[in-house]
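Note: the block below is my_file.pdb and it holds PDB, C-alpha atoms.
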```pdb
ATOM      1  CA  MET A1383     -80.017  35.424 -12.868
ATOM      2  CA  MET A1384     -77.742  37.113 -10.332
ATOM      3  CA  GLU A1385     -74.979  34.771 -11.456
ATOM      4  CA  ILE A1386     -75.116  36.253 -14.943
ATOM      5  CA  LEU A1387     -74.798  39.806 -13.660
ATOM      6  CA  GLN A1388     -71.634  38.894 -11.767
ATOM      7  CA  LEU A1389     -69.817  37.683 -14.891
ATOM      8  CA  PRO A1390     -67.936  40.480 -16.720
ATOM      9  CA  PHE A1391     -68.381  38.932 -20.182
ATOM     10  CA  MET A1392     -72.132  38.585 -19.618
ATOM     11  CA  GLN A1393     -72.338  42.158 -18.362
ATOM     12  CA  ARG A1394     -70.695  43.344 -21.562
ATOM     13  CA  ALA A1395     -72.893  41.084 -23.698
ATOM     14  CA  LEU A1396     -76.105  42.310 -22.060
ATOM     15  CA  VAL A1397     -75.149  45.959 -22.464
ATOM     16  CA  ALA A1398     -74.228  45.326 -26.109
ATOM     17  CA  GLY A1399     -77.517  43.478 -26.569
ATOM     18  CA  VAL A1400     -79.544  46.372 -25.187
ATOM     19  CA  LEU A1401     -77.718  48.828 -27.443
ATOM     20  CA  ALA A1402     -78.227  46.616 -30.517
ATOM     21  CA  GLY A1403     -81.854  46.030 -29.562
ATOM     22  CA  PHE A1404     -82.374  49.789 -29.380
ATOM     23  CA  LEU A1405     -80.361  50.880 -32.380
ATOM     24  CA  LEU A1406     -81.161  48.340 -35.094
ATOM     25  CA  PRO A1407     -84.987  48.487 -34.855
ATOM     26  CA  LEU A1408     -84.824  52.284 -34.623
ATOM     27  CA  VAL A1409     -82.894  52.479 -37.884
ATOM     28  CA  GLY A1410     -85.079  49.750 -39.388
ATOM     29  CA  ASN A1411     -88.135  51.999 -39.196
ATOM     30  CA  TYR A1412     -86.457  54.337 -41.680
ATOM     31  CA  ILE A1413     -84.703  51.983 -44.106
ATOM     32  CA  VAL A1414     -87.235  49.135 -44.421
ATOM     33  CA  PRO A1415     -90.040  51.374 -45.832
ATOM     34  CA  LYS A1416     -87.506  52.701 -48.353
ATOM     35  CA  LYS A1417     -86.912  49.176 -49.672
ATOM     36  CA  LEU A1418     -83.340  49.283 -48.403
ATOM     37  CA  SER A1419     -83.624  46.275 -46.106
ATOM     38  CA  ASN A1420     -80.795  44.651 -48.095
ATOM     39  CA  LEU A1421     -78.600  47.386 -46.650
ATOM     40  CA  GLY A1422     -78.381  45.305 -43.479
ATOM     41  CA  ASP A1423     -77.165  42.187 -45.263
ATOM     42  CA  ALA A1424     -74.814  44.215 -47.452
ATOM     43  CA  SER A1425     -73.268  45.982 -44.433
ATOM     44  CA  SER A1426     -72.855  42.762 -42.474
ATOM     45  CA  HIS A1427     -71.159  40.967 -45.366
ATOM     46  CA  VAL A1428     -68.819  43.901 -46.006
ATOM     47  CA  ALA A1429     -67.985  43.801 -42.293
ATOM     48  CA  PHE A1430     -67.362  40.046 -42.625
ATOM     49  CA  ALA A1431     -65.033  40.711 -45.556
ATOM     50  CA  THR A1432     -63.214  43.373 -43.541
ATOM     51  CA  ILE A1433     -62.810  41.027 -40.580
ATOM     52  CA  GLY A1434     -61.437  38.359 -42.911
ATOM     53  CA  LEU A1435     -58.947  40.705 -44.609
ATOM     54  CA  THR A1436     -57.711  42.273 -41.371
ATOM     55  CA  ALA A1437     -57.277  38.821 -39.838
ATOM     56  CA  LEU A1438     -55.423  37.637 -42.950
ATOM     57  CA  PHE A1439     -52.985  40.557 -42.901
ATOM     58  CA  GLY A1440     -52.746  40.746 -39.123
ATOM     59  CA  PHE A1441     -54.023  44.243 -38.402
ATOM     60  CA  VAL A1442     -57.406  43.612 -36.772
ATOM     61  CA  THR A1443     -58.787  46.896 -35.440
ATOM     62  CA  ASP A1444     -62.354  47.862 -34.557
ATOM     63  CA  LEU A1445     -61.940  51.206 -36.319
ATOM     64  CA  VAL A1446     -61.332  49.551 -39.689
ATOM     65  CA  VAL A1447     -64.238  47.126 -39.244
ATOM     66  CA  TYR A1448     -66.581  50.052 -38.552
ATOM     67  CA  ALA A1449     -65.206  52.426 -41.175
ATOM     68  CA  VAL A1450     -65.099  50.176 -44.252
ATOM     69  CA  PRO A1451     -68.821  49.191 -44.301
ATOM     70  CA  ALA A1452     -69.836  52.814 -43.720
ATOM     71  CA  VAL A1453     -67.656  54.020 -46.618
ATOM     72  CA  ALA A1454     -68.885  51.177 -48.847
ATOM     73  CA  ILE A1455     -72.542  51.986 -48.153
ATOM     74  CA  TYR A1456     -71.936  55.684 -48.832
ATOM     75  CA  ALA A1457     -70.224  54.865 -52.143
ATOM     76  CA  VAL A1458     -73.075  52.576 -53.209
ATOM     77  CA  LEU A1459     -75.687  55.218 -52.405
ATOM     78  CA  VAL A1460     -73.780  57.748 -54.500
ATOM     79  CA  LEU A1461     -73.881  55.293 -57.407
ATOM     80  CA  ILE A1462     -77.589  54.638 -56.830
ATOM     81  CA  ASN A1463     -78.359  58.348 -57.052
ATOM     82  CA  ARG A1464     -76.084  59.121 -59.992
ATOM     83  CA  LEU A1465     -76.615  56.015 -62.122
ATOM     84  CA  LYS A1466     -80.254  55.476 -61.064
ATOM     85  CA  ILE A1467     -79.574  51.844 -60.174
ATOM     86  CA  PRO A1468     -82.392  50.278 -58.078
ATOM     87  CA  GLY A1469     -81.359  50.341 -54.435
ATOM     88  CA  ASP A1470     -81.912  46.645 -53.664
ATOM     89  CA  GLN A1471     -80.030  45.647 -56.811
ATOM     90  CA  ALA A1472     -76.967  47.734 -55.946
ATOM     91  CA  LEU A1473     -76.972  46.493 -52.361
ATOM     92  CA  ALA A1474     -77.291  42.882 -53.531
ATOM     93  CA  ILE A1475     -74.152  43.407 -55.619
ATOM     94  CA  LEU A1476     -72.327  44.836 -52.605
ATOM     95  CA  LEU A1477     -73.475  41.853 -50.530
ATOM     96  CA  ALA A1478     -72.076  39.441 -53.129
ATOM     97  CA  VAL A1479     -68.754  41.295 -53.273
ATOM     98  CA  GLY A1480     -68.459  41.263 -49.480
ATOM     99  CA  ALA A1481     -69.279  37.558 -49.245
ATOM    100  CA  SER A1482     -66.783  36.647 -51.990
ATOM    101  CA  ILE A1483     -63.963  38.657 -50.394
ATOM    102  CA  ALA A1484     -64.700  37.051 -47.028
ATOM    103  CA  SER A1485     -64.599  33.606 -48.641
ATOM    104  CA  LEU A1486     -61.310  34.366 -50.377
ATOM    105  CA  SER A1487     -59.791  35.615 -47.117
ATOM    106  CA  LEU A1488     -60.712  32.374 -45.391
ATOM    107  CA  SER A1489     -59.371  30.358 -48.320
ATOM    108  CA  PHE A1490     -56.018  32.099 -48.014
ATOM    109  CA  GLY A1491     -55.770  31.257 -44.334
ATOM    110  CA  ALA A1492     -57.450  34.043 -42.362
ATOM    111  CA  ARG A1493     -58.063  32.797 -38.831
ATOM    112  CA  VAL A1494     -61.593  33.769 -37.906
ATOM    113  CA  ASN A1495     -63.965  32.252 -35.359
ATOM    114  CA  LEU A1496     -66.730  31.514 -37.865
ATOM    115  CA  THR A1497     -69.370  30.562 -35.298
ATOM    116  CA  ALA A1498     -68.894  33.842 -33.426
ATOM    117  CA  VAL A1499     -68.809  35.956 -36.594
ATOM    118  CA  LEU A1500     -71.750  34.288 -38.317
ATOM    119  CA  PHE A1501     -74.062  33.749 -35.344
ATOM    120  CA  GLY A1502     -72.738  35.971 -32.544
ATOM    121  CA  SER A1503     -71.038  35.161 -29.251
ATOM    122  CA  VAL A1504     -71.310  36.525 -25.711
ATOM    123  CA  LEU A1505     -67.595  35.908 -25.227
ATOM    124  CA  PHE A1506     -66.237  38.292 -27.841
ATOM    125  CA  VAL A1507     -67.928  41.563 -26.876
ATOM    126  CA  THR A1508     -65.305  44.090 -25.773
ATOM    127  CA  ASN A1509     -65.493  47.407 -23.963
ATOM    128  CA  GLU A1510     -64.546  49.075 -27.249
ATOM    129  CA  ASP A1511     -67.562  47.459 -28.945
ATOM    130  CA  ILE A1512     -69.834  48.870 -26.250
ATOM    131  CA  ILE A1513     -68.345  52.359 -26.500
ATOM    132  CA  ALA A1514     -68.709  52.383 -30.297
ATOM    133  CA  ALA A1515     -72.296  51.101 -30.176
ATOM    134  CA  ALA A1516     -73.205  53.595 -27.443
ATOM    135  CA  ALA A1517     -71.788  56.459 -29.505
ATOM    136  CA  VAL A1518     -73.754  55.452 -32.614
ATOM    137  CA  ALA A1519     -76.919  54.926 -30.538
ATOM    138  CA  ALA A1520     -76.548  58.325 -28.868
ATOM    139  CA  VAL A1521     -76.031  60.194 -32.142
ATOM    140  CA  THR A1522     -78.905  58.385 -33.842
ATOM    141  CA  GLY A1523     -81.269  58.727 -30.892
ATOM    142  CA  VAL A1524     -80.635  62.456 -30.523
ATOM    143  CA  PHE A1525     -80.951  63.043 -34.278
ATOM    144  CA  VAL A1526     -84.299  61.219 -34.481
ATOM    145  CA  PHE A1527     -85.625  62.936 -31.343
ATOM    146  CA  VAL A1528     -84.702  66.420 -32.572
ATOM    147  CA  ASN A1529     -85.897  65.848 -36.148
ATOM    148  CA  PHE A1530     -88.726  63.374 -35.557
ATOM    149  CA  GLY A1531     -91.339  65.259 -37.565
ATOM    150  CA  LYS A1532     -89.021  65.585 -40.544
ATOM    151  CA  THR A1533     -87.972  61.934 -40.349
ATOM    152  CA  ILE A1534     -91.648  60.930 -40.542
ATOM    153  CA  LEU A1535     -92.141  63.066 -43.651
ATOM    154  CA  TYR A1536     -88.975  61.635 -45.194
ATOM    155  CA  THR A1537     -90.186  58.090 -44.555
ATOM    156  CA  VAL A1538     -93.876  58.428 -45.419
ATOM    157  CA  ASN A1539     -94.018  60.991 -48.239
ATOM    158  CA  GLU A1540     -90.849  62.263 -49.916
ATOM    159  CA  GLU A1541     -92.693  64.657 -52.204
ATOM    160  CA  LEU A1542     -94.412  66.372 -49.289
ATOM    161  CA  ALA A1543     -91.098  66.368 -47.431
ATOM    162  CA  ARG A1544     -89.448  68.249 -50.313
ATOM    163  CA  VAL A1545     -92.272  70.795 -50.314
ATOM    164  CA  LYS A1546     -91.704  71.279 -46.583
ATOM    165  CA  GLY A1547     -88.004  71.874 -47.181
ATOM    166  CA  VAL A1548     -86.704  68.546 -45.874
ATOM    167  CA  LYS A1549     -83.320  67.660 -47.376
ATOM    168  CA  ILE A1550     -84.110  64.164 -48.632
ATOM    169  CA  GLY A1551     -80.580  63.333 -49.730
ATOM    170  CA  TYR A1552     -79.174  64.328 -46.355
ATOM    171  CA  TYR A1553     -81.607  62.060 -44.486
ATOM    172  CA  GLN A1554     -81.024  59.188 -46.875
ATOM    173  CA  PHE A1555     -77.272  59.274 -46.409
ATOM    174  CA  PHE A1556     -77.529  59.761 -42.652
ATOM    175  CA  PHE A1557     -79.716  56.713 -42.120
ATOM    176  CA  ALA A1558     -77.716  54.624 -44.574
ATOM    177  CA  ILE A1559     -74.397  55.347 -42.865
ATOM    178  CA  VAL A1560     -75.906  54.921 -39.408
ATOM    179  CA  ALA A1561     -77.450  51.634 -40.539
ATOM    180  CA  GLY A1562     -74.055  50.405 -41.689
ATOM    181  CA  LEU A1563     -72.463  51.320 -38.353
ATOM    182  CA  SER A1564     -75.399  49.836 -36.450
ATOM    183  CA  ILE A1565     -75.109  46.532 -38.271
ATOM    184  CA  VAL A1566     -71.417  46.295 -37.399
ATOM    185  CA  SER A1567     -72.151  47.054 -33.755
ATOM    186  CA  GLY A1568     -74.757  44.280 -33.681
ATOM    187  CA  ILE A1569     -72.603  41.581 -35.270
ATOM    188  CA  LYS A1570     -70.964  40.528 -31.987
ATOM    189  CA  VAL A1571     -74.403  39.827 -30.517
ATOM    190  CA  ALA A1572     -76.382  38.497 -33.491
ATOM    191  CA  GLY A1573     -73.745  37.509 -36.047
ATOM    192  CA  VAL A1574     -73.388  38.356 -39.733
ATOM    193  CA  LEU A1575     -76.164  36.039 -40.897
ATOM    194  CA  LEU A1576     -78.793  37.027 -38.329
ATOM    195  CA  VAL A1577     -78.163  40.681 -37.489
ATOM    196  CA  THR A1578     -80.508  41.917 -40.226
ATOM    197  CA  ALA A1579     -83.373  40.205 -38.404
ATOM    198  CA  LEU A1580     -83.040  42.875 -35.714
ATOM    199  CA  VAL A1581     -83.594  45.507 -38.393
ATOM    200  CA  ALA A1582     -86.559  43.953 -40.174
ATOM    201  CA  ILE A1583     -88.579  41.804 -37.756
ATOM    202  CA  PRO A1584     -89.211  44.327 -34.932
ATOM    203  CA  THR A1585     -90.219  46.873 -37.571
ATOM    204  CA  ALA A1586     -92.641  44.432 -39.186
ATOM    205  CA  ALA A1587     -94.106  43.331 -35.857
ATOM    206  CA  SER A1588     -94.625  46.859 -34.538
ATOM    207  CA  SER A1589     -96.236  48.055 -37.772
ATOM    208  CA  LEU A1590     -98.937  45.392 -37.400
ATOM    209  CA  ILE A1591    -100.189  46.615 -34.022
ATOM    210  CA  SER A1592     -99.405  50.344 -34.029
ATOM    211  CA  ASN A1593    -101.734  53.081 -35.230
ATOM    212  CA  SER A1594     -99.026  55.762 -35.475
ATOM    213  CA  PHE A1595     -95.427  55.975 -36.617
ATOM    214  CA  LYS A1596     -94.271  57.131 -33.188
ATOM    215  CA  LYS A1597     -95.857  54.146 -31.454
ATOM    216  CA  ALA A1598     -94.387  51.822 -34.083
ATOM    217  CA  VAL A1599     -90.887  53.138 -33.410
ATOM    218  CA  ILE A1600     -91.284  52.749 -29.638
ATOM    219  CA  ALA A1601     -92.801  49.261 -29.947
ATOM    220  CA  SER A1602     -90.043  48.100 -32.309
ATOM    221  CA  ILE A1603     -87.374  49.228 -29.848
ATOM    222  CA  ILE A1604     -89.134  47.396 -26.999
ATOM    223  CA  PHE A1605     -89.311  44.263 -29.165
ATOM    224  CA  GLY A1606     -85.650  44.588 -30.128
ATOM    225  CA  ILE A1607     -84.320  45.057 -26.600
ATOM    226  CA  SER A1608     -86.543  42.272 -25.236
ATOM    227  CA  SER A1609     -85.405  39.785 -27.887
ATOM    228  CA  THR A1610     -81.684  40.488 -27.570
ATOM    229  CA  THR A1611     -81.767  40.421 -23.758
ATOM    230  CA  LEU A1612     -83.749  37.188 -23.624
ATOM    231  CA  GLY A1613     -81.604  35.735 -26.415
ATOM    232  CA  ILE A1614     -78.354  36.426 -24.577
ATOM    233  CA  ILE A1615     -79.682  35.011 -21.303
ATOM    234  CA  THR A1616     -81.000  31.927 -23.099
ATOM    235  CA  SER A1617     -77.699  31.438 -24.904
ATOM    236  CA  TYR A1618     -75.880  31.379 -21.564
ATOM    237  CA  TYR A1619     -78.108  28.715 -20.020
ATOM    238  CA  LEU A1620     -78.641  26.532 -23.106
ATOM    239  CA  GLY A1621     -75.223  26.932 -24.723
ATOM    240  CA  ILE A1622     -76.608  28.182 -28.042
ATOM    241  CA  THR A1623     -75.608  31.228 -30.064
ATOM    242  CA  PRO A1624     -77.203  34.518 -28.955
ATOM    243  CA  GLY A1625     -78.106  35.452 -32.514
ATOM    244  CA  ALA A1626     -80.198  32.325 -33.058
ATOM    245  CA  ALA A1627     -81.881  32.651 -29.661
ATOM    246  CA  SER A1628     -82.700  36.325 -30.290
ATOM    247  CA  VAL A1629     -84.250  35.544 -33.680
ATOM    248  CA  ILE A1630     -86.428  32.825 -32.130
ATOM    249  CA  PHE A1631     -87.831  35.378 -29.680
ATOM    250  CA  LEU A1632     -88.324  37.844 -32.532
ATOM    251  CA  ILE A1633     -90.316  35.270 -34.493
ATOM    252  CA  ILE A1634     -92.509  34.642 -31.433
ATOM    253  CA  ILE A1635     -93.091  38.400 -31.144
ATOM    254  CA  LEU A1636     -93.947  38.595 -34.843
ATOM    255  CA  VAL A1637     -96.433  35.710 -34.609
ATOM    256  CA  VAL A1638     -98.125  37.264 -31.544
ATOM    257  CA  SER A1639     -98.280  40.643 -33.324
ATOM    258  CA  ALA A1640     -99.843  38.997 -36.370
ATOM    259  CA  LEU A1641    -102.490  37.374 -34.163
ATOM    260  CA  LEU A1642    -103.235  40.712 -32.504
ATOM    261  CA  TRP A1643    -103.495  42.330 -35.941
ATOM    262  CA  LYS A1644    -105.928  39.601 -36.972
ATOM    263  CA  LEU A1645    -107.991  40.390 -33.869
ATOM    264  CA  LYS A1646    -107.838  44.108 -34.775
ATOM    265  CA  VAL A1647    -105.944  44.953 -31.579
ATOM    266  CA  ARG A1648    -103.995  48.211 -31.903
ATOM    267  CA  ILE A1649    -101.960  50.372 -29.581
TER     268      ILE A1649
END
```

Starting from the file, give its structure as structure tokens.
Amino acid sequence: MMEILQLPFMQRALVAGVLAGFLLPLVGNYIVPKKLSNLGDASSHVAFATIGLTALFGFVTDLVVYAVPAVAIYAVLVLINRLKIPGDQALAILLAVGASIASLSLSFGARVNLTAVLFGSVLFVTNEDIIAAAAVAAVTGVFVFVNFGKTILYTVNEELARVKGVKIGYYQFFFAIVAGLSIVSGIKVAGVLLVTALVAIPTAASSLISNSFKKAVIASIIFGISSTTLGIITSYYLGITPGAASVIFLIIILVVSALLWKLKVRI
């Protein structure tokens, strides 16, 4: 274990894993109940398309990879609200567009490490990735802490939230944009195909054993950080991708939570 902590690339990967394990389940508690879980897949595939295009044209920058999915998600949410398109349907369309553009980029010769992009890699986490993820995590964490009561109302009962003066549209766009940025920050650890698991599975597992929203949020974060940390460590020793290893641990957590729910164990 001490050997891992002495390797710079593993240090970066573990820090990125902790940030992703904190951020993605936190956001998941607010977008999954709103039936916007496809937002994770849509964001990751737009990020994949952006990576492909920037690699094809030779101007790979982290800023572009973060900005494009956030702008795309914002634009889709505007269309959802104005055209009254079902959220999952609009996001599924965005996912398809992102996947097709990524495929076209690869067909035209974009040089991308597919294993790292699709399933994550401990070798490709940079200091810039950590700084970006830390910034998003800090903003999101502070926002939720300061507005926790309002975020609960927004998530549980929108009508009551409106009566209480909560700006529903503002919260919707905030969590959507943050979710897009969070997904991008988690791609290096979990990969495009598996990063959404960090949004959905900890949220599902924590909801089974928690008797309050606050406890569910805390439990989901604990599950997320535990799975990413164990996944990264396992990937180092077994030579497998960190995304796959993290999802395996998440599934174990989900199964245990389901058993506890069956036994009527709550926290």

Can you turn the PyMOL selection byres ((chain A and resi 1411) around 9) into a concrete residue list for this file, as number ranges by chain?
A: 1406-1410, 1412-1415, 1537, 1581-1582, 1584-1586, 1595, 1598-1599, 1602

Do you have the CA of Phe1557 in chain A-CA of Thr1522 in chain A distance handy?
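Here the two named atoms are 8.5 Å from each other.
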
Could you list, as an MDAnalysis selection string, every residue within 10 Å of range 1500-1517 of chain A, counting all atoms listed in the file and ignoring same-chain residues fewer than 3 positions away?
chainID A and resid 1390:1402 1405 1426:1427 1430 1444:1445 1448 1495:1497 1520:1523 1563:1577 1614:1615 1617:1618 1622:1627

Restricting the calculation to all atoms listed in the file, which member of A:Ser1628, A:Ser1639, A:Ser1489, A:Asn1463 is positioned closest to Thr1578 in chain A?
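Smallest distance to Thr1578 in chain A is found for A:Ser1628.
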
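Going from CA of Glu1540 in chain A to CA of Ala1558 in chain A covers 16.1 Å.
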
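Shortest separation to Lys1597 in chain A among A:Tyr1536, A:Gly1480, A:Lys1466, A:Ile1649 occurs at residue A:Ile1649, atoms counted being all atoms listed in the file.
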
Rank A:Val1629, A:Lys1416, A:Ile1634, A:Ser1485 by their smallest atom-to-atom distance to Gln1554 in chain A, using all atoms listed in the file, and report the top residue only.
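Closest to Gln1554 in chain A of all the choices is A:Lys1416.
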
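When you apply the PyMOL selection byres ((chain A and resi 1608) around 9) to this structure, what comes back is A:Val1400, A:Gly1403, A:Ile1603, A:Ile1604, A:Phe1605, A:Gly1606, A:Ile1607, A:Ser1609, A:Thr1610, A:Thr1611, A:Leu1612, A:Gly1613, A:Ser1628, A:Phe1631, A:Leu1632.
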
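Once the PyMOL selection byres ((chain A and resi 1593) around 7) is applied to the depicted file, the selected set reads Ile1591, Ser1592, Ser1594, Arg1648 and Ile1649 of chain A.
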
Please produce a file of the residues just selected, as a tab-separated table (two decimals), in the frame of the given file, where the atoms kept are C-alpha atoms.
```tsv
chain	number	residue	atom	x	y	z
A	1591	ILE	CA	-100.19	46.62	-34.02
A	1592	SER	CA	-99.40	50.34	-34.03
A	1594	SER	CA	-99.03	55.76	-35.48
A	1648	ARG	CA	-104.00	48.21	-31.90
A	1649	ILE	CA	-101.96	50.37	-29.58
```

Mind pulling up the distance from CA of Leu1389 in chain A to CA of Gly1434 in chain A?
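Between CA of Gly1434 in chain A and CA of Leu1389 in chain A the gap is 29.3 Å.
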